[in-house]
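Asker: my_file-v6.txt is reproduced below (compact mmCIF, C-alpha atoms).
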```txt
# COMPACT_ATOMS: atom_id res chain seq x y z
CA MET A 1 -31.03 -87.32 25.18
CA TRP A 2 -28.93 -87.55 21.99
CA ILE A 3 -28.63 -91.34 22.27
CA LEU A 4 -32.40 -91.70 22.69
CA LEU A 5 -33.07 -89.42 19.72
CA THR A 6 -30.53 -91.30 17.60
CA ALA A 7 -32.21 -94.61 18.45
CA LEU A 8 -35.65 -93.19 17.59
CA LEU A 9 -34.38 -91.80 14.28
CA ALA A 10 -32.71 -95.09 13.38
CA ALA A 11 -35.91 -97.01 14.11
CA ALA A 12 -38.00 -94.53 12.12
CA SER A 13 -35.77 -94.69 9.07
CA GLY A 14 -35.49 -98.44 9.07
CA ASN A 15 -31.88 -98.34 7.92
CA GLY A 16 -30.31 -95.68 10.08
CA GLU A 17 -29.92 -93.12 7.27
CA ALA A 18 -31.76 -90.42 9.24
CA ALA A 19 -29.66 -91.09 12.33
CA SER A 20 -26.49 -90.97 10.26
CA ALA A 21 -27.62 -87.66 8.68
CA ALA A 22 -28.36 -86.22 12.13
CA ARG A 23 -24.87 -87.17 13.35
CA ALA A 24 -23.21 -85.68 10.25
CA ALA A 25 -25.25 -82.47 10.61
CA ARG A 26 -24.41 -82.16 14.29
CA ASP A 27 -20.68 -82.72 13.66
CA LEU A 28 -20.58 -80.15 10.85
CA ALA A 29 -22.55 -77.53 12.78
CA SER A 30 -20.33 -78.04 15.81
CA ARG A 31 -17.20 -77.36 13.72
CA GLU A 32 -18.59 -74.46 11.70
CA LEU A 33 -20.44 -72.70 14.50
CA GLY A 34 -17.88 -73.42 17.21
CA VAL A 35 -20.61 -74.91 19.42
CA PRO A 36 -19.91 -78.12 21.37
CA ALA A 37 -21.82 -80.99 19.77
CA ASP A 38 -23.58 -81.79 23.03
CA LYS A 39 -25.11 -78.28 22.98
CA LEU A 40 -26.79 -78.90 19.58
CA ALA A 41 -30.23 -80.50 19.88
CA VAL A 42 -31.78 -82.24 16.88
CA VAL A 43 -35.20 -80.68 16.25
CA SER A 44 -36.13 -82.60 13.10
CA VAL A 45 -34.80 -84.83 10.33
CA GLU A 46 -36.72 -85.22 7.09
CA ALA A 47 -35.95 -86.84 3.76
CA ALA A 48 -35.17 -84.35 0.99
CA GLU A 49 -33.92 -84.23 -2.57
CA TRP A 50 -32.00 -81.42 -4.29
CA ARG A 51 -31.58 -80.70 -8.00
CA ASP A 52 -27.82 -80.13 -7.80
CA THR A 53 -24.77 -80.74 -5.63
CA SER A 54 -25.27 -77.45 -3.74
CA LEU A 55 -27.82 -79.38 -1.67
CA GLY A 56 -30.13 -76.38 -1.84
CA CYS A 57 -27.56 -74.07 -0.25
CA PRO A 58 -25.58 -72.53 -3.12
CA ARG A 59 -22.65 -70.35 -2.16
CA LYS A 60 -21.71 -67.33 -4.21
CA GLY A 61 -18.78 -68.00 -6.53
CA SER A 62 -19.16 -71.79 -6.40
CA LYS A 63 -20.26 -74.04 -9.25
CA TYR A 64 -22.30 -77.18 -8.81
CA SER A 65 -23.06 -80.26 -10.88
CA ALA A 66 -26.65 -80.74 -12.02
CA ALA A 67 -27.33 -84.08 -10.37
CA VAL A 68 -30.23 -85.20 -8.23
CA SER A 69 -28.91 -85.40 -4.67
CA PRO A 70 -31.13 -87.33 -2.24
CA GLY A 71 -30.56 -86.88 1.46
CA HIS A 72 -31.94 -85.28 4.61
CA LYS A 73 -32.77 -81.82 5.88
CA VAL A 74 -31.72 -81.62 9.55
CA VAL A 75 -32.80 -78.81 11.87
CA LEU A 76 -30.65 -78.26 14.96
CA LYS A 77 -31.15 -75.88 17.87
CA SER A 78 -28.59 -74.23 20.12
CA GLY A 79 -28.90 -71.19 22.37
CA GLY A 80 -32.37 -70.36 21.10
CA LYS A 81 -31.23 -70.33 17.45
CA GLN A 82 -32.13 -72.90 14.83
CA HIS A 83 -29.67 -74.06 12.20
CA GLU A 84 -30.52 -76.01 9.06
CA VAL A 85 -28.06 -78.56 7.67
CA HIS A 86 -28.56 -80.45 4.42
CA VAL A 87 -26.91 -83.88 4.21
CA SER A 88 -26.45 -86.13 1.18
CA GLY A 89 -24.23 -89.18 1.59
CA ALA A 90 -20.97 -88.09 3.22
CA ARG A 91 -21.54 -84.40 2.36
CA ALA A 92 -23.17 -81.89 4.72
CA VAL A 93 -23.79 -78.15 4.21
CA LEU A 94 -24.79 -75.59 6.83
CA CYS A 95 -27.55 -73.56 5.18
CA GLU A 96 -27.50 -70.13 6.72
CA SER A 97 -25.99 -66.78 6.02
CA LYS A 98 -22.51 -66.54 7.44
CA GLY A 99 -21.69 -63.11 6.03
CA GLU A 100 -17.96 -62.57 5.62
CA HIS A 101 -17.22 -66.26 6.22
CA VAL A 102 -19.01 -67.14 2.95
CA ALA A 103 -17.12 -64.44 1.03
CA ASP A 104 -13.81 -65.70 2.45
CA GLU A 105 -14.71 -69.27 1.48
CA ALA A 106 -15.57 -68.28 -2.09
CA ARG A 107 -12.37 -66.23 -2.41
CA VAL A 108 -9.99 -68.96 -1.24
CA TYR A 109 -11.82 -71.60 -3.30
CA GLU A 110 -11.28 -69.52 -6.44
CA LEU A 111 -7.62 -68.92 -5.49
CA ALA A 112 -7.02 -72.66 -5.02
CA ARG A 113 -8.83 -73.52 -8.23
CA ALA A 114 -6.85 -70.96 -10.26
CA ASP A 115 -3.56 -72.09 -8.69
CA LEU A 116 -4.18 -75.76 -9.47
CA ALA A 117 -5.28 -75.01 -13.04
CA ARG A 118 -2.10 -72.93 -13.56
CA ARG A 119 0.14 -75.66 -12.09
CA LEU A 120 -1.44 -78.36 -14.26
CA GLY A 121 -1.75 -76.19 -17.37
CA ILE A 122 -5.49 -76.82 -17.70
CA ALA A 123 -8.65 -74.68 -17.83
CA GLU A 124 -10.07 -73.61 -14.47
CA ASP A 125 -13.43 -75.19 -15.27
CA SER A 126 -11.62 -78.57 -15.40
CA VAL A 127 -10.94 -78.25 -11.65
CA LYS A 128 -13.82 -79.49 -9.50
CA ALA A 129 -14.40 -79.12 -5.77
CA HIS A 130 -14.71 -82.24 -3.63
CA PHE A 131 -15.31 -80.14 -0.53
CA ILE A 132 -14.38 -76.97 1.29
CA ARG A 133 -14.82 -76.68 5.02
CA PRO A 134 -13.75 -74.33 7.78
CA GLN A 135 -10.61 -75.36 9.63
CA LYS A 136 -8.59 -73.93 12.49
CA TRP A 137 -4.87 -74.47 11.96
CA PRO A 138 -2.61 -74.70 15.05
CA ASP A 139 -0.21 -72.06 13.67
CA ALA A 140 0.45 -69.82 10.67
CA SER A 141 1.93 -72.73 8.66
CA LEU A 142 -1.68 -73.74 7.90
CA GLY A 143 -0.80 -77.36 8.60
CA CYS A 144 1.85 -77.42 5.85
CA PRO A 145 5.10 -76.34 7.50
CA GLN A 146 8.15 -75.90 5.30
CA PRO A 147 11.58 -77.00 6.57
CA ASP A 148 13.71 -74.28 8.19
CA THR A 149 10.79 -71.82 8.28
CA MET A 150 9.47 -70.08 11.39
CA TYR A 151 5.72 -69.55 11.80
CA ALA A 152 3.67 -67.41 14.17
CA GLN A 153 2.35 -69.68 16.90
CA VAL A 154 -1.23 -68.47 16.72
CA GLU A 155 -4.37 -70.44 15.96
CA THR A 156 -5.26 -69.50 12.38
CA PRO A 157 -8.82 -69.79 11.06
CA GLY A 158 -9.16 -70.84 7.45
CA PHE A 159 -10.35 -73.64 5.21
CA LEU A 160 -9.46 -77.14 4.08
CA ILE A 161 -10.12 -77.37 0.33
CA GLU A 162 -10.07 -80.61 -1.63
CA LEU A 163 -10.08 -80.32 -5.42
CA GLU A 164 -10.10 -82.86 -8.24
CA ALA A 165 -8.46 -82.45 -11.63
CA ALA A 166 -7.18 -84.86 -14.26
CA GLY A 167 -8.33 -87.84 -12.17
CA LYS A 168 -6.30 -86.88 -9.09
CA THR A 169 -7.22 -85.24 -5.79
CA TYR A 170 -5.37 -82.20 -4.42
CA SER A 171 -5.50 -80.71 -0.94
CA TYR A 172 -5.19 -76.98 -0.28
CA HIS A 173 -4.98 -75.32 3.12
CA SER A 174 -5.85 -71.68 3.56
CA ASP A 175 -6.21 -68.85 5.98
CA ARG A 176 -8.95 -66.43 4.96
CA LYS A 177 -6.87 -64.71 2.28
CA SER A 178 -4.34 -67.13 0.76
CA VAL A 179 -3.95 -70.80 -0.16
CA VAL A 180 -1.16 -73.39 0.04
CA LEU A 181 -1.02 -76.66 -1.91
CA CYS A 182 -0.34 -79.30 0.73
CA PRO A 183 1.10 -82.71 -0.17
```
Would you write the structure of this file as structure tokens?
Answerer:
Amino acid sequence: MWILLTALLAAASGNGEAASAARAARDLASRELGVPADKLAVVSVEAAEWRDTSLGCPRKGSKYSAAVSPGHKVVLKSGGKQHEVHVSGARAVLCESKGEHVADEARVYELARADLARRLGIAEDSVKAHFIRPQKWPDASLGCPQPDTMYAQVETPGFLIELEAAGKTYSYHSDRKSVVLCP
């Protein structure tokens, strides 16, 4: 079914942008919702345009650039629930209330931003987000193990945060409460 829908979307868009948006939306929703991708049905894909880089789904505590962002609004369905994902280029955002998850995301983003600004000796507003996405780390090292350090061997939910400052990109890994700058 997915292959047929992808082919129909590609033909309808003429250049495959809608099909690409549907794939990106499905991949993101699968990761964030913990639902296997083959259990997410594409209900609709429509062209859209947003006034800023939030893609119409601003998250509390996050700042966005005022820039027209063209893309697609993708509606997915799984287990009787519909999920809306906004896609622009390589960026996709799940647009639904995730309660505590959103608060955790905003908290660790601000922690990472403040840490990087302190390390570089610059103002926090000079640090920009490339992306932040949920991530499950294989253990308590958050994917950044230090030599000669023992870590609890438990799957640890958190976030992968990529920031930009002074022309360079920095990667932070987090659980839901703390952040670690990862080389």
Asker: I'd like the contact shell of segment 157-174 of chain A - 8 Å cut-off, all atoms listed in the file, skipping same-chain residues fewer than 2 positions apart - returned as a list in words.
Answerer: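 Counting only the stated atoms, we get Glu105, Val108, Tyr109, Ala112, Arg113, Ser126, Val127, Lys128, Ala129, His130, Phe131, Ile132, Arg133, Pro134, Gln135, Lys136, Trp137, Leu142, Gly143, Cys144, Glu155, Arg176, Lys177, Ser178, Val179, Val180, Leu181, Cys182 and Pro183 of chain A.
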Asker: Give me a file of those residues, with C-alpha atoms, as a CSV table (one decimal), keeping the file's coordinate frame.
Answerer:
```
chain,number,residue,atom,x,y,z
A,105,GLU,CA,-14.7,-69.3,1.5
A,108,VAL,CA,-10.0,-69.0,-1.2
A,109,TYR,CA,-11.8,-71.6,-3.3
A,112,ALA,CA,-7.0,-72.7,-5.0
A,113,ARG,CA,-8.8,-73.5,-8.2
A,126,SER,CA,-11.6,-78.6,-15.4
A,127,VAL,CA,-10.9,-78.2,-11.6
A,128,LYS,CA,-13.8,-79.5,-9.5
A,129,ALA,CA,-14.4,-79.1,-5.8
A,130,HIS,CA,-14.7,-82.2,-3.6
A,131,PHE,CA,-15.3,-80.1,-0.5
A,132,ILE,CA,-14.4,-77.0,1.3
A,133,ARG,CA,-14.8,-76.7,5.0
A,134,PRO,CA,-13.8,-74.3,7.8
A,135,GLN,CA,-10.6,-75.4,9.6
A,136,LYS,CA,-8.6,-73.9,12.5
A,137,TRP,CA,-4.9,-74.5,12.0
A,142,LEU,CA,-1.7,-73.7,7.9
A,143,GLY,CA,-0.8,-77.4,8.6
A,144,CYS,CA,1.8,-77.4,5.8
A,155,GLU,CA,-4.4,-70.4,16.0
A,176,ARG,CA,-9.0,-66.4,5.0
A,177,LYS,CA,-6.9,-64.7,2.3
A,178,SER,CA,-4.3,-67.1,0.8
A,179,VAL,CA,-4.0,-70.8,-0.2
A,180,VAL,CA,-1.2,-73.4,0.0
A,181,LEU,CA,-1.0,-76.7,-1.9
A,182,CYS,CA,-0.3,-79.3,0.7
A,183,PRO,CA,1.1,-82.7,-0.2
```
Asker: Which polymer residues have any atom within 12 Å of an atom of segment 147-152 of chain A, counting all atoms listed in the file, with same-chain residues fewer than 6 positions away left out, as an NGL selection string?
Answerer: :A and (137-141)
Asker: What is the distance, in Å and to one decimal place, between atom CA of Leu94 of chain A and atom CA of Val68 of chain A?
Answerer: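 Result for atom CA of Leu94 of chain A versus atom CA of Val68 of chain A: 18.7 Å, one decimal.
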Asker: Atom CA of Asp38 of chain A and atom CA of Glu84 of chain A, how far apart in Å?
Answerer: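 Atom CA of Asp38 of chain A lies 16.6 Å from atom CA of Glu84 of chain A.
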Asker: Would you work out the distance separating atom CA of Ser30 of chain A from atom CA of Glu110 of chain A, expressed in Å to one decimal?
Answerer: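 Atom-to-atom, atom CA of Ser30 of chain A and atom CA of Glu110 of chain A are spaced 25.5 Å apart.
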Asker: Go through A:His86, A:Arg107, A:Lys81, A:His72 and flag the residue nearest Lys39 of chain A, using only C-alpha atoms for the distances.
Answerer: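 With only C-alpha atoms as the atom set, the closest residue is A:Lys81.
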Asker: Would you kindly return, as number ranges by chain, each protein, DNA or RNA residue with an atom no farther than 10 Å from any atom of Asp52 of chain A, considering only C-alpha atoms and excluding same-chain residues fewer than 6 positions away?
Answerer: A: 58, 63-70
Asker: Those selected residues, please, written with C-alpha atoms and delivered as a PDB file, in the coordinates of the input.
Answerer:
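Dumped everything to out_15.pdb:
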```
ATOM      1  CA  PRO A  58     -25.580 -72.530  -3.120  1.00  0.00           C
ATOM      2  CA  LYS A  63     -20.260 -74.040  -9.250  1.00  0.00           C
ATOM      3  CA  TYR A  64     -22.300 -77.180  -8.810  1.00  0.00           C
ATOM      4  CA  SER A  65     -23.060 -80.260 -10.880  1.00  0.00           C
ATOM      5  CA  ALA A  66     -26.650 -80.740 -12.020  1.00  0.00           C
ATOM      6  CA  ALA A  67     -27.330 -84.080 -10.370  1.00  0.00           C
ATOM      7  CA  VAL A  68     -30.230 -85.200  -8.230  1.00  0.00           C
ATOM      8  CA  SER A  69     -28.910 -85.400  -4.670  1.00  0.00           C
ATOM      9  CA  PRO A  70     -31.130 -87.330  -2.240  1.00  0.00           C
TER      10      PRO A  70
END
```
Asker: Looking at all atoms listed in the file, which of A:Cys95, A:Val154, A:Leu120, A:Val87 is the one that sits closest to Ala47 of chain A?
Answerer: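 Looking only at the distances to Ala47 of chain A, the closest residue turns out to be A:Val87.
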Asker: Kindly indicate which residue among A:Cys57, A:Ala18, A:Ala123, A:Ala25 lies nearest to Val45 of chain A, using all atoms listed in the file for the distances.
Answerer: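 Distance minimum relative to Val45 of chain A lands on A:Ala18.
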Asker: Compare A:Ile122, A:Val74, A:Val43, A:Leu111 by their minimum atom-to-atom distance to Asp27 of chain A, counting only C-alpha atoms, and give me the closest one.
Answerer: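 Of A:Ile122, A:Val74, A:Val43, A:Leu111, the one nearest Asp27 of chain A, counting only C-alpha atoms, is A:Val74.
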Asker: Measuring atom to atom with all atoms listed in the file, identify which of A:Gln153, A:Ser20, A:Ser88, A:Gln146 is nearest to Leu55 of chain A.
Answerer: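 Counting all atoms listed in the file, the residue closest to Leu55 of chain A is A:Ser88.
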Asker: Can you tell me which residues surround Ser44 of chain A at a distance of at most 9 Å, considering all atoms listed in the file, apart from same-chain residues fewer than 5 positions away, and format the answer as a ChimeraX atom specification?
Answerer: /A:22,73-76
Asker: In terms of the shortest atom-to-atom distance over all atoms listed in the file, which of A:Asp125, A:Ala92, A:Ala114, A:Thr156 is closest to Ala24 of chain A?
Answerer: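 Comparing A:Asp125, A:Ala92, A:Ala114, A:Thr156 against Ala24 of chain A, the winner is A:Ala92.
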Asker: Complete the atoms of segment 118-135 of chain A to N, CA and C atoms and put them out as a short mmCIF file (atom, residue, chain, number, x, y, z; two decimals), in the coordinates of the input.
Answerer:
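Writing the result to selection-v7.cif gives the following:
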```cif
data_model
loop_
_atom_site.label_atom_id
_atom_site.label_comp_id
_atom_site.auth_asym_id
_atom_site.auth_seq_id
_atom_site.Cartn_x
_atom_site.Cartn_y
_atom_site.Cartn_z
N ARG A 118 -3.37 -73.47 -13.06
CA ARG A 118 -2.10 -72.93 -13.56
C ARG A 118 -1.00 -73.98 -13.44
N ARG A 119 -0.90 -74.64 -12.30
CA ARG A 119 0.14 -75.66 -12.09
C ARG A 119 0.02 -76.81 -13.09
N LEU A 120 -1.22 -77.22 -13.37
CA LEU A 120 -1.44 -78.36 -14.26
C LEU A 120 -1.54 -77.96 -15.74
N GLY A 121 -1.63 -76.66 -16.00
CA GLY A 121 -1.75 -76.19 -17.37
C GLY A 121 -3.09 -76.55 -18.00
N ILE A 122 -4.16 -76.48 -17.20
CA ILE A 122 -5.49 -76.82 -17.70
C ILE A 122 -6.44 -75.65 -17.45
N ALA A 123 -7.63 -75.71 -18.03
CA ALA A 123 -8.65 -74.68 -17.83
C ALA A 123 -9.20 -74.78 -16.42
N GLU A 124 -9.53 -73.63 -15.84
CA GLU A 124 -10.07 -73.61 -14.47
C GLU A 124 -11.34 -74.44 -14.34
N ASP A 125 -12.18 -74.44 -15.38
CA ASP A 125 -13.43 -75.19 -15.27
C ASP A 125 -13.21 -76.70 -15.28
N SER A 126 -11.97 -77.15 -15.49
CA SER A 126 -11.62 -78.57 -15.40
C SER A 126 -11.33 -78.98 -13.96
N VAL A 127 -11.22 -77.99 -13.07
CA VAL A 127 -10.94 -78.25 -11.65
C VAL A 127 -12.27 -78.25 -10.90
N LYS A 128 -12.56 -79.34 -10.23
CA LYS A 128 -13.82 -79.49 -9.50
C LYS A 128 -13.56 -79.56 -8.00
N ALA A 129 -14.51 -79.08 -7.23
CA ALA A 129 -14.40 -79.12 -5.77
C ALA A 129 -14.95 -80.44 -5.25
N HIS A 130 -14.18 -81.10 -4.38
CA HIS A 130 -14.71 -82.24 -3.63
C HIS A 130 -15.41 -81.69 -2.41
N PHE A 131 -14.71 -80.81 -1.67
CA PHE A 131 -15.31 -80.14 -0.53
C PHE A 131 -14.46 -78.95 -0.13
N ILE A 132 -15.08 -78.07 0.63
CA ILE A 132 -14.38 -76.97 1.29
C ILE A 132 -15.05 -76.83 2.65
N ARG A 133 -14.22 -76.81 3.69
CA ARG A 133 -14.82 -76.68 5.02
C ARG A 133 -13.92 -75.83 5.92
N PRO A 134 -14.53 -75.15 6.86
CA PRO A 134 -13.75 -74.33 7.78
C PRO A 134 -12.78 -75.20 8.57
N GLN A 135 -11.66 -74.63 8.89
CA GLN A 135 -10.61 -75.36 9.63
C GLN A 135 -9.84 -74.36 10.48
#
```
